[in-house]
>>> print(open('data_8.pdb').read())   # PDB, C-alpha atoms, pLDDT in the B column
ATOM      1  CA  MET H   1      15.741  10.500 -30.053  1.00 79.00           C
ATOM      2  CA  SER H   2      15.991   6.918 -31.344  1.00 85.00           C
ATOM      3  CA  SER H   3      19.364   6.483 -29.658  1.00 86.00           C
ATOM      4  CA  GLY H   4      17.990   7.687 -26.316  1.00 87.00           C
ATOM      5  CA  PHE H   5      14.938   5.454 -26.692  1.00 92.00           C
ATOM      6  CA  THR H   6      16.950   2.333 -27.516  1.00 91.00           C
ATOM      7  CA  LYS H   7      19.517   2.842 -24.768  1.00 87.00           C
ATOM      8  CA  SER H   8      16.889   3.651 -22.163  1.00 89.00           C
ATOM      9  CA  LEU H   9      14.731   0.672 -23.168  1.00 91.00           C
ATOM     10  CA  ALA H  10      17.599  -1.807 -22.961  1.00 89.00           C
ATOM     11  CA  MET H  11      19.157  -0.315 -19.826  1.00 87.00           C
ATOM     12  CA  THR H  12      15.889  -0.081 -17.893  1.00 87.00           C
ATOM     13  CA  PHE H  13      14.766  -3.551 -18.912  1.00 88.00           C
ATOM     14  CA  VAL H  14      17.898  -5.347 -17.730  1.00 83.00           C
ATOM     15  CA  SER H  15      18.004  -3.184 -14.584  1.00 82.00           C
ATOM     16  CA  GLU H  16      14.402  -3.831 -13.557  1.00 81.00           C
ATOM     17  CA  ILE H  17      14.132  -7.551 -14.324  1.00 79.00           C
ATOM     18  CA  GLY H  18      15.003  -9.267 -11.053  1.00 71.00           C
ATOM     19  CA  ASP H  19      15.074  -5.957  -9.162  1.00 77.00           C
ATOM     20  CA  LYS H  20      13.423  -5.602  -5.746  1.00 79.00           C
ATOM     21  CA  THR H  21      10.568  -3.581  -7.239  1.00 82.00           C
ATOM     22  CA  PHE H  22       9.994  -6.403  -9.749  1.00 83.00           C
ATOM     23  CA  PHE H  23       9.705  -8.956  -6.951  1.00 82.00           C
ATOM     24  CA  ALA H  24       7.514  -6.609  -4.912  1.00 84.00           C
ATOM     25  CA  ALA H  25       5.082  -6.244  -7.824  1.00 85.00           C
ATOM     26  CA  ALA H  26       4.962 -10.029  -8.278  1.00 84.00           C
ATOM     27  CA  ILE H  27       4.233 -10.662  -4.592  1.00 84.00           C
ATOM     28  CA  LEU H  28       1.656  -7.878  -4.286  1.00 86.00           C
ATOM     29  CA  ALA H  29      -0.153  -9.217  -7.369  1.00 85.00           C
ATOM     30  CA  MET H  30      -0.652 -12.533  -5.577  1.00 83.00           C
ATOM     31  CA  ARG H  31      -2.268 -10.849  -2.568  1.00 81.00           C
ATOM     32  CA  TYR H  32      -4.317  -8.040  -4.091  1.00 84.00           C
ATOM     33  CA  PRO H  33      -6.273  -7.317  -7.306  1.00 86.00           C
ATOM     34  CA  ARG H  34      -3.811  -7.290 -10.172  1.00 87.00           C
ATOM     35  CA  ARG H  35      -5.299  -4.233 -11.863  1.00 88.00           C
ATOM     36  CA  LEU H  36      -4.661  -2.022  -8.855  1.00 89.00           C
ATOM     37  CA  VAL H  37      -1.198  -3.445  -8.237  1.00 89.00           C
ATOM     38  CA  LEU H  38      -0.213  -2.911 -11.874  1.00 91.00           C
ATOM     39  CA  ALA H  39      -1.604   0.634 -11.865  1.00 91.00           C
ATOM     40  CA  GLY H  40       0.159   1.533  -8.605  1.00 91.00           C
ATOM     41  CA  CYS H  41       3.531   0.029  -9.491  1.00 91.00           C
ATOM     42  CA  LEU H  42       3.555   1.330 -13.051  1.00 91.00           C
ATOM     43  CA  SER H  43       2.461   4.836 -12.018  1.00 92.00           C
ATOM     44  CA  ALA H  44       5.299   5.060  -9.498  1.00 91.00           C
ATOM     45  CA  LEU H  45       7.906   3.878 -11.986  1.00 90.00           C
ATOM     46  CA  VAL H  46       6.678   6.215 -14.725  1.00 91.00           C
ATOM     47  CA  VAL H  47       6.722   9.195 -12.358  1.00 93.00           C
ATOM     48  CA  MET H  48      10.235   8.289 -11.206  1.00 92.00           C
ATOM     49  CA  THR H  49      11.423   7.918 -14.820  1.00 92.00           C
ATOM     50  CA  ILE H  50      10.048  11.349 -15.730  1.00 93.00           C
ATOM     51  CA  LEU H  51      11.591  12.960 -12.631  1.00 93.00           C
ATOM     52  CA  SER H  52      14.970  11.342 -13.297  1.00 91.00           C
ATOM     53  CA  ALA H  53      14.946  12.380 -16.962  1.00 92.00           C
ATOM     54  CA  THR H  54      14.001  15.935 -15.944  1.00 92.00           C
ATOM     55  CA  VAL H  55      16.978  16.122 -13.590  1.00 90.00           C
ATOM     56  CA  GLY H  56      19.227  14.801 -16.356  1.00 88.00           C
ATOM     57  CA  TRP H  57      17.807  17.291 -18.846  1.00 89.00           C
ATOM     58  CA  ALA H  58      18.480  20.177 -16.437  1.00 87.00           C
ATOM     59  CA  ALA H  59      22.039  19.069 -15.643  1.00 80.00           C
ATOM     60  CA  PRO H  60      23.667  20.541 -18.808  1.00 76.00           C
ATOM     61  CA  ASN H  61      22.160  23.907 -17.877  1.00 79.00           C
ATOM     62  CA  LEU H  62      24.051  23.819 -14.580  1.00 79.00           C
ATOM     63  CA  ILE H  63      27.377  22.448 -15.804  1.00 79.00           C
ATOM     64  CA  SER H  64      28.860  22.199 -19.280  1.00 77.00           C
ATOM     65  CA  ARG H  65      27.651  19.468 -21.620  1.00 75.00           C
ATOM     66  CA  LYS H  66      31.237  18.248 -21.938  1.00 81.00           C
ATOM     67  CA  TRP H  67      31.397  17.483 -18.218  1.00 81.00           C
ATOM     68  CA  THR H  68      27.941  15.896 -18.151  1.00 80.00           C
ATOM     69  CA  HIS H  69      29.068  13.624 -20.988  1.00 81.00           C
ATOM     70  CA  HIS H  70      32.206  12.603 -19.060  1.00 84.00           C
ATOM     71  CA  ILE H  71      30.169  11.999 -15.887  1.00 83.00           C
ATOM     72  CA  THR H  72      27.677   9.880 -17.853  1.00 82.00           C
ATOM     73  CA  THR H  73      30.535   7.818 -19.301  1.00 85.00           C
ATOM     74  CA  LEU H  74      31.958   7.202 -15.831  1.00 88.00           C
ATOM     75  CA  LEU H  75      28.485   6.244 -14.552  1.00 84.00           C
ATOM     76  CA  PHE H  76      28.117   3.648 -17.309  1.00 84.00           C
ATOM     77  CA  PHE H  77      31.499   2.099 -16.537  1.00 89.00           C
ATOM     78  CA  GLY H  78      30.871   2.273 -12.791  1.00 88.00           C
ATOM     79  CA  PHE H  79      27.438   0.643 -12.981  1.00 82.00           C
ATOM     80  CA  GLY H  80      28.794  -1.931 -15.427  1.00 85.00           C
ATOM     81  CA  LEU H  81      31.560  -3.009 -13.067  1.00 90.00           C
ATOM     82  CA  TRP H  82      29.150  -2.922 -10.123  1.00 84.00           C
ATOM     83  CA  SER H  83      26.656  -5.169 -11.922  1.00 82.00           C
ATOM     84  CA  LEU H  84      29.372  -7.572 -13.058  1.00 86.00           C
ATOM     85  CA  TRP H  85      30.692  -7.813  -9.490  1.00 86.00           C
ATOM     86  CA  ASP H  86      27.181  -8.526  -8.198  1.00 80.00           C
ATOM     87  CA  GLY H  87      26.708 -11.152 -10.891  1.00 77.00           C
ATOM     88  CA  PHE H  88      29.937 -12.994 -10.118  1.00 81.00           C
ATOM     89  CA  LYS H  89      29.298 -13.158  -6.384  1.00 79.00           C
ATOM     90  CA  GLN H  90      25.626 -14.170  -6.654  1.00 69.00           C
ATOM     91  CA  GLY H  91      24.155 -17.629  -7.018  1.00 59.00           C
ATOM     92  CA  GLY H  92      22.170 -18.775 -10.008  1.00 53.00           C
ATOM     93  CA  GLY H  93      18.663 -18.329  -8.638  1.00 53.00           C
ATOM     94  CA  SER H  94      16.518 -15.573  -7.206  1.00 53.00           C
ATOM     95  CA  SER H  95      15.092 -17.402  -4.196  1.00 56.00           C
ATOM     96  CA  GLU H  96      17.077 -15.425  -1.613  1.00 60.00           C
ATOM     97  CA  GLU H  97      16.178 -12.018  -3.045  1.00 61.00           C
ATOM     98  CA  LEU H  98      12.553 -13.041  -3.499  1.00 62.00           C
ATOM     99  CA  ALA H  99      12.346 -14.344   0.074  1.00 66.00           C
ATOM    100  CA  GLU H 100      13.944 -11.136   1.360  1.00 67.00           C
ATOM    101  CA  VAL H 101      11.410  -8.921  -0.411  1.00 66.00           C
ATOM    102  CA  GLU H 102       8.528 -11.122   0.739  1.00 67.00           C
ATOM    103  CA  ALA H 103       9.757 -10.933   4.345  1.00 71.00           C
ATOM    104  CA  GLU H 104      10.002  -7.134   4.117  1.00 67.00           C
ATOM    105  CA  LEU H 105       6.450  -6.891   2.818  1.00 65.00           C
ATOM    106  CA  ASP H 106       5.171  -9.205   5.560  1.00 65.00           C
ATOM    107  CA  SER H 107       6.925  -7.189   8.267  1.00 68.00           C
ATOM    108  CA  ASP H 108       5.493  -4.004   6.797  1.00 62.00           C
ATOM    109  CA  LEU H 109       1.999  -5.452   6.921  1.00 58.00           C
ATOM    110  CA  LYS H 110       2.441  -6.495  10.545  1.00 58.00           C
ATOM    111  CA  ALA H 111       3.908  -3.126  11.504  1.00 57.00           C
ATOM    112  CA  ASN H 112       0.867  -1.397  10.085  1.00 57.00           C
ATOM    113  CA  GLY H 113      -1.568  -3.818  11.689  1.00 52.00           C
ATOM    114  CA  LYS H 114      -2.621  -5.382   8.420  1.00 50.00           C
ATOM    115  CA  THR H 115      -3.702  -8.883   9.299  1.00 46.00           C
ATOM    116  CA  THR H 116      -4.965 -11.458   6.849  1.00 46.00           C
ATOM    117  CA  LYS H 117      -8.551 -10.540   7.661  1.00 46.00           C
ATOM    118  CA  ASP H 118      -7.797  -6.885   7.030  1.00 49.00           C
ATOM    119  CA  ARG H 119      -6.336  -7.692   3.630  1.00 51.00           C
ATOM    120  CA  SER H 120      -9.370  -9.791   2.739  1.00 52.00           C
ATOM    121  CA  LYS H 121     -11.656  -6.920   3.583  1.00 49.00           C
ATOM    122  CA  ILE H 122      -9.612  -4.591   1.373  1.00 50.00           C
ATOM    123  CA  GLU H 123      -9.756  -7.069  -1.495  1.00 51.00           C
ATOM    124  CA  ASP H 124     -13.523  -7.510  -1.155  1.00 52.00           C
ATOM    125  CA  GLU H 125     -14.005  -3.791  -1.056  1.00 47.00           C
ATOM    126  CA  ASN H 126     -12.029  -3.199  -4.246  1.00 50.00           C
ATOM    127  CA  LYS H 127     -13.689  -6.052  -6.127  1.00 53.00           C
ATOM    128  CA  LYS H 128     -17.095  -4.476  -5.841  1.00 47.00           C
ATOM    129  CA  GLN H 129     -18.335  -3.777  -9.321  1.00 42.00           C
ATOM    130  CA  ASN H 130     -20.339  -0.719  -8.379  1.00 49.00           C
ATOM    131  CA  ARG H 131     -17.365   1.189  -7.054  1.00 55.00           C
ATOM    132  CA  PRO H 132     -16.436   4.187  -9.269  1.00 55.00           C
ATOM    133  CA  PHE H 133     -13.361   3.452 -11.379  1.00 53.00           C
ATOM    134  CA  LEU H 134     -11.358   6.576 -10.499  1.00 55.00           C
ATOM    135  CA  THR H 135     -11.853   6.183  -6.747  1.00 59.00           C
ATOM    136  CA  GLN H 136     -10.026   2.858  -6.878  1.00 57.00           C
ATOM    137  CA  PHE H 137      -6.787   4.764  -7.483  1.00 59.00           C
ATOM    138  CA  PHE H 138      -7.050   6.256  -4.010  1.00 67.00           C
ATOM    139  CA  SER H 139      -7.444   2.858  -2.381  1.00 79.00           C
ATOM    140  CA  PRO H 140      -4.902   1.534   0.163  1.00 84.00           C
ATOM    141  CA  ILE H 141      -3.779  -1.115  -2.326  1.00 84.00           C
ATOM    142  CA  PHE H 142      -2.933   1.382  -5.074  1.00 89.00           C
ATOM    143  CA  LEU H 143      -1.156   3.693  -2.624  1.00 88.00           C
ATOM    144  CA  LYS H 144       0.812   0.783  -1.128  1.00 87.00           C
ATOM    145  CA  ALA H 145       1.967  -0.433  -4.550  1.00 88.00           C
ATOM    146  CA  PHE H 146       2.836   3.123  -5.571  1.00 90.00           C
ATOM    147  CA  SER H 147       4.821   3.966  -2.433  1.00 88.00           C
ATOM    148  CA  ILE H 148       6.759   0.666  -2.344  1.00 86.00           C
ATOM    149  CA  ASN H 149       7.932   1.083  -5.941  1.00 86.00           C
ATOM    150  CA  PHE H 150       8.476   4.842  -5.843  1.00 88.00           C
ATOM    151  CA  PHE H 151      10.665   4.858  -2.747  1.00 86.00           C
ATOM    152  CA  GLY H 152      12.272   1.576  -3.785  1.00 81.00           C
ATOM    153  CA  GLU H 153      13.657   3.299  -6.883  1.00 80.00           C
ATOM    154  CA  PHE H 154      15.339   6.162  -4.998  1.00 80.00           C
ATOM    155  CA  GLY H 155      19.106   5.845  -5.376  1.00 75.00           C
ATOM    156  CA  ASP H 156      18.732   2.737  -7.535  1.00 79.00           C
ATOM    157  CA  LYS H 157      21.125   2.118 -10.420  1.00 78.00           C
ATOM    158  CA  SER H 158      18.356   2.526 -12.973  1.00 80.00           C
ATOM    159  CA  GLN H 159      17.395   5.942 -11.566  1.00 84.00           C
ATOM    160  CA  LEU H 160      20.954   7.283 -11.562  1.00 84.00           C
ATOM    161  CA  ALA H 161      21.625   5.821 -15.003  1.00 85.00           C
ATOM    162  CA  THR H 162      18.441   7.434 -16.348  1.00 89.00           C
ATOM    163  CA  ILE H 163      19.623  10.810 -15.035  1.00 88.00           C
ATOM    164  CA  GLY H 164      22.989  10.366 -16.734  1.00 85.00           C
ATOM    165  CA  LEU H 165      21.423   9.111 -19.966  1.00 88.00           C
ATOM    166  CA  ALA H 166      18.953  12.011 -20.148  1.00 89.00           C
ATOM    167  CA  ALA H 167      21.845  14.447 -19.700  1.00 85.00           C
ATOM    168  CA  ASP H 168      23.578  12.974 -22.746  1.00 82.00           C
ATOM    169  CA  GLU H 169      20.680  11.890 -24.975  1.00 86.00           C
ATOM    170  CA  ASN H 170      17.271  13.197 -26.025  1.00 89.00           C
ATOM    171  CA  PRO H 171      15.232  13.331 -22.766  1.00 90.00           C
ATOM    172  CA  LEU H 172      11.954  12.478 -24.514  1.00 93.00           C
ATOM    173  CA  GLY H 173      13.484   9.373 -26.075  1.00 93.00           C
ATOM    174  CA  VAL H 174      14.891   8.375 -22.677  1.00 93.00           C
ATOM    175  CA  VAL H 175      11.483   8.775 -21.015  1.00 93.00           C
ATOM    176  CA  LEU H 176       9.653   6.823 -23.740  1.00 94.00           C
ATOM    177  CA  GLY H 177      12.203   4.006 -23.671  1.00 93.00           C
ATOM    178  CA  GLY H 178      12.105   3.840 -19.892  1.00 91.00           C
ATOM    179  CA  VAL H 179       8.302   3.819 -19.771  1.00 93.00           C
ATOM    180  CA  VAL H 180       8.059   1.024 -22.355  1.00 94.00           C
ATOM    181  CA  ALA H 181      10.615  -1.053 -20.435  1.00 91.00           C
ATOM    182  CA  GLN H 182       8.817  -0.429 -17.131  1.00 90.00           C
ATOM    183  CA  LEU H 183       5.521  -1.439 -18.736  1.00 92.00           C
ATOM    184  CA  LEU H 184       6.991  -4.711 -20.021  1.00 92.00           C
ATOM    185  CA  CYS H 185       8.739  -5.600 -16.755  1.00 89.00           C
ATOM    186  CA  THR H 186       5.906  -4.646 -14.414  1.00 90.00           C
ATOM    187  CA  THR H 187       3.241  -6.351 -16.533  1.00 91.00           C
ATOM    188  CA  ALA H 188       5.330  -9.526 -16.625  1.00 88.00           C
ATOM    189  CA  ALA H 189       5.784  -9.394 -12.841  1.00 86.00           C
ATOM    190  CA  VAL H 190       2.076  -8.859 -12.161  1.00 88.00           C
ATOM    191  CA  ILE H 191       0.877 -11.504 -14.608  1.00 87.00           C
ATOM    192  CA  GLY H 192       3.607 -14.051 -13.931  1.00 81.00           C
ATOM    193  CA  GLY H 193       3.570 -13.563 -10.168  1.00 71.00           C
ATOM    194  CA  LYS H 194       5.863 -15.421  -7.808  1.00 64.00           C
ATOM    195  CA  SER H 195       6.221 -18.427 -10.149  1.00 69.00           C
ATOM    196  CA  LEU H 196       7.842 -16.264 -12.835  1.00 66.00           C
ATOM    197  CA  ALA H 197       9.935 -14.282 -10.353  1.00 63.00           C
ATOM    198  CA  SER H 198      11.375 -17.471  -8.861  1.00 66.00           C
ATOM    199  CA  GLN H 199      12.569 -18.629 -12.303  1.00 70.00           C
ATOM    200  CA  ILE H 200      14.670 -15.531 -12.984  1.00 70.00           C
ATOM    201  CA  SER H 201      18.412 -15.937 -12.550  1.00 70.00           C
ATOM    202  CA  GLU H 202      19.741 -12.834 -10.824  1.00 72.00           C
ATOM    203  CA  ARG H 203      23.261 -13.779 -11.841  1.00 77.00           C
ATOM    204  CA  ILE H 204      22.467 -13.848 -15.557  1.00 80.00           C
ATOM    205  CA  VAL H 205      20.493 -10.604 -15.290  1.00 77.00           C
ATOM    206  CA  ALA H 206      23.318  -8.859 -13.405  1.00 80.00           C
ATOM    207  CA  LEU H 207      25.986 -10.053 -15.843  1.00 84.00           C
ATOM    208  CA  SER H 208      23.862  -9.062 -18.849  1.00 84.00           C
ATOM    209  CA  GLY H 209      23.179  -5.654 -17.348  1.00 81.00           C
ATOM    210  CA  GLY H 210      26.858  -5.177 -16.521  1.00 84.00           C
ATOM    211  CA  MET H 211      27.919  -5.971 -20.078  1.00 89.00           C
ATOM    212  CA  LEU H 212      25.287  -3.583 -21.435  1.00 86.00           C
ATOM    213  CA  PHE H 213      26.472  -0.748 -19.194  1.00 85.00           C
ATOM    214  CA  ILE H 214      30.084  -1.384 -20.252  1.00 89.00           C
ATOM    215  CA  ILE H 215      29.068  -1.285 -23.936  1.00 88.00           C
ATOM    216  CA  PHE H 216      27.257   2.015 -23.389  1.00 84.00           C
ATOM    217  CA  GLY H 217      30.312   3.338 -21.556  1.00 84.00           C
ATOM    218  CA  ILE H 218      32.655   2.388 -24.408  1.00 89.00           C
ATOM    219  CA  GLN H 219      30.294   3.938 -26.936  1.00 84.00           C
ATOM    220  CA  SER H 220      30.065   7.122 -24.899  1.00 80.00           C
ATOM    221  CA  PHE H 221      33.859   7.256 -24.509  1.00 83.00           C
ATOM    222  CA  LEU H 222      34.444   6.795 -28.245  1.00 83.00           C
ATOM    223  CA  THR H 223      31.944   9.547 -28.972  1.00 78.00           C
ATOM    224  CA  SER H 224      33.870  11.972 -26.745  1.00 71.00           C
ATOM    225  CA  VAL H 225      37.163  10.996 -28.424  1.00 69.00           C
ATOM    226  CA  GLU H 226      35.758  11.585 -31.899  1.00 64.00           C
ATOM    227  CA  ALA H 227      34.384  14.952 -30.795  1.00 57.00           C
TER     228      ALA H 227
END
>>> encode(input="data_8.pdb", output="structure tokens")
Amino acid sequence: MSSGFTKSLAMTFVSEIGDKTFFAAAILAMRYPRRLVLAGCLSALVVMTILSATVGWAAPNLISRKWTHHITTLLFFGFGLWSLWDGFKQGGGSSEELAEVEAELDSDLKANGKTTKDRSKIEDENKKQNRPFLTQFFSPIFLKAFSINFFGEFGDKSQLATIGLAADENPLGVVLGGVVAQLLCTTAAVIGGKSLASQISERIVALSGGMLFIIFGIQSFLTSVEA
């Protein structure tokens, strides 16, 4: 369980820092109440982590554990090379990625008719102290933060890697490690906002993540050889 926790914590952390969902959380936190943004983003990521780990846990019941181990090893090497390639071809900053995510959010707001006045009304409504606590989680802000992060994680490297890791390690440890990493990353994004997001070097994050995936791949390969 400790191995699954450690691997999942490290892998998820380096995958989510500087990711689109990280930037989305930072930008949303500047426009809406931070508590709702944090709750929406974190809920989506936790649900996705649990779903991914469940799929990984079920995989050995469909195909042999030997094959799931080999597939996981290939995934680690593949994602490692992919991340290293992204790191080498990227610049040092995160301004382009941040601007891209901000533009997508702005276009989404316009497409749904959410003007500045509309957003102000939503903020005022959710800042009312007499509003029941639980009903806030059904507000447009919470649902927006949840949907952006949930669908943003579909097909992402971290999701596929979590599936592979849960197929090879203790699923509970993988879920706990992933949740802790998501909590750290999302909280940092919401509290730090755009100023923190703009200071993150996507190149360093990608290279670090690539090296970590390669290390996990080598470790997984050596384990299969020893077996």
>>> resolve_selection(input="data_8.pdb", expression="the PyMOL selection byres ((chain H and resi 62-78) around 8)", output="ChimeraX atom specification")
/H:58-61,79-82,161,164-165,167-168,213-214,216-218,220-221,224
>>> write_last_selection(input="data_8.pdb", atoms="C-alpha atoms", output="CSV table (one decimal), in the frame of the given file")
chain,number,residue,atom,x,y,z
H,58,ALA,CA,18.5,20.2,-16.4
H,59,ALA,CA,22.0,19.1,-15.6
H,60,PRO,CA,23.7,20.5,-18.8
H,61,ASN,CA,22.2,23.9,-17.9
H,79,PHE,CA,27.4,0.6,-13.0
H,80,GLY,CA,28.8,-1.9,-15.4
H,81,LEU,CA,31.6,-3.0,-13.1
H,82,TRP,CA,29.2,-2.9,-10.1
H,161,ALA,CA,21.6,5.8,-15.0
H,164,GLY,CA,23.0,10.4,-16.7
H,165,LEU,CA,21.4,9.1,-20.0
H,167,ALA,CA,21.8,14.4,-19.7
H,168,ASP,CA,23.6,13.0,-22.7
H,213,PHE,CA,26.5,-0.7,-19.2
H,214,ILE,CA,30.1,-1.4,-20.3
H,216,PHE,CA,27.3,2.0,-23.4
H,217,GLY,CA,30.3,3.3,-21.6
H,218,ILE,CA,32.7,2.4,-24.4
H,220,SER,CA,30.1,7.1,-24.9
H,221,PHE,CA,33.9,7.3,-24.5
H,224,SER,CA,33.9,12.0,-26.7
>>> resolve_selection(input="data_8.pdb", expression="the PyMOL selection byres ((chain H and resi 139-155) around 7)", output="ChimeraX atom specification")
/H:21,36-37,39-41,43-45,48,136-138,156-157,159-160
>>> closest_residue(input="data_8.pdb", among="H:Gly193, H:Gly210, H:Pro33, H:Gly178", to="Ala166 (chain H)", atoms="all atoms listed in the file")
H:Gly178
>>> resolve_selection(input="data_8.pdb", expression="the PyMOL selection byres ((chain H and resi 180-183) around 8)", output="JSON, numbers by chain")
{"H": [9, 10, 12, 13, 16, 42, 45, 46, 176, 177, 178, 179, 184, 185, 186, 187]}
>>> atom_distance(input="data_8.pdb", atom1="CA of Arg203 (chain H)", atom2="CA of Ile163 (chain H)")
25.1 Å
>>> residues_around(input="data_8.pdb", residues="Glu169 (chain H)", least_positions_apart="4", cutoff="10 Å", atoms="all atoms listed in the file", output="mmCIF file with C-alpha atoms, keeping the file's coordinate frame")
data_model
loop_
_atom_site.group_PDB
_atom_site.id
_atom_site.type_symbol
_atom_site.label_atom_id
_atom_site.label_comp_id
_atom_site.auth_asym_id
_atom_site.auth_seq_id
_atom_site.Cartn_x
_atom_site.Cartn_y
_atom_site.Cartn_z
ATOM 1 C CA MET H 1 15.741 10.500 -30.053
ATOM 2 C CA SER H 2 15.991 6.918 -31.344
ATOM 3 C CA SER H 3 19.364 6.483 -29.658
ATOM 4 C CA GLY H 4 17.990 7.687 -26.316
ATOM 5 C CA PHE H 5 14.938 5.454 -26.692
ATOM 6 C CA LYS H 7 19.517 2.842 -24.768
ATOM 7 C CA SER H 8 16.889 3.651 -22.163
ATOM 8 C CA ALA H 53 14.946 12.380 -16.962
ATOM 9 C CA GLY H 56 19.227 14.801 -16.356
ATOM 10 C CA TRP H 57 17.807 17.291 -18.846
ATOM 11 C CA HIS H 69 29.068 13.624 -20.988
ATOM 12 C CA THR H 162 18.441 7.434 -16.348
ATOM 13 C CA GLY H 164 22.989 10.366 -16.734
ATOM 14 C CA LEU H 165 21.423 9.111 -19.966
ATOM 15 C CA GLY H 173 13.484 9.373 -26.075
ATOM 16 C CA VAL H 174 14.891 8.375 -22.677
#
>>> residues_around(input="data_8.pdb", residues="region 87-89 of chain H", least_positions_apart="2", cutoff="8 Å", atoms="only C-alpha atoms", output="PyMOL selection string")
chain H and resi 83-85+91+202-207
>>> closest_residue(input="data_8.pdb", among="H:Ile215, H:Val47, H:Ile200, H:Val190", to="Tyr32 (chain H)", atoms="only C-alpha atoms")
H:Val190
>>> axis_aligned_box(input="data_8.pdb", around="region 150-168 of chain H", padding_each_side="5 Å", output="lines of an AutoDock Vina configuration file")
center_x = 16.0
center_y = 8.0
center_z = -12.7
size_x = 25.1
size_y = 22.9
size_z = 30.0
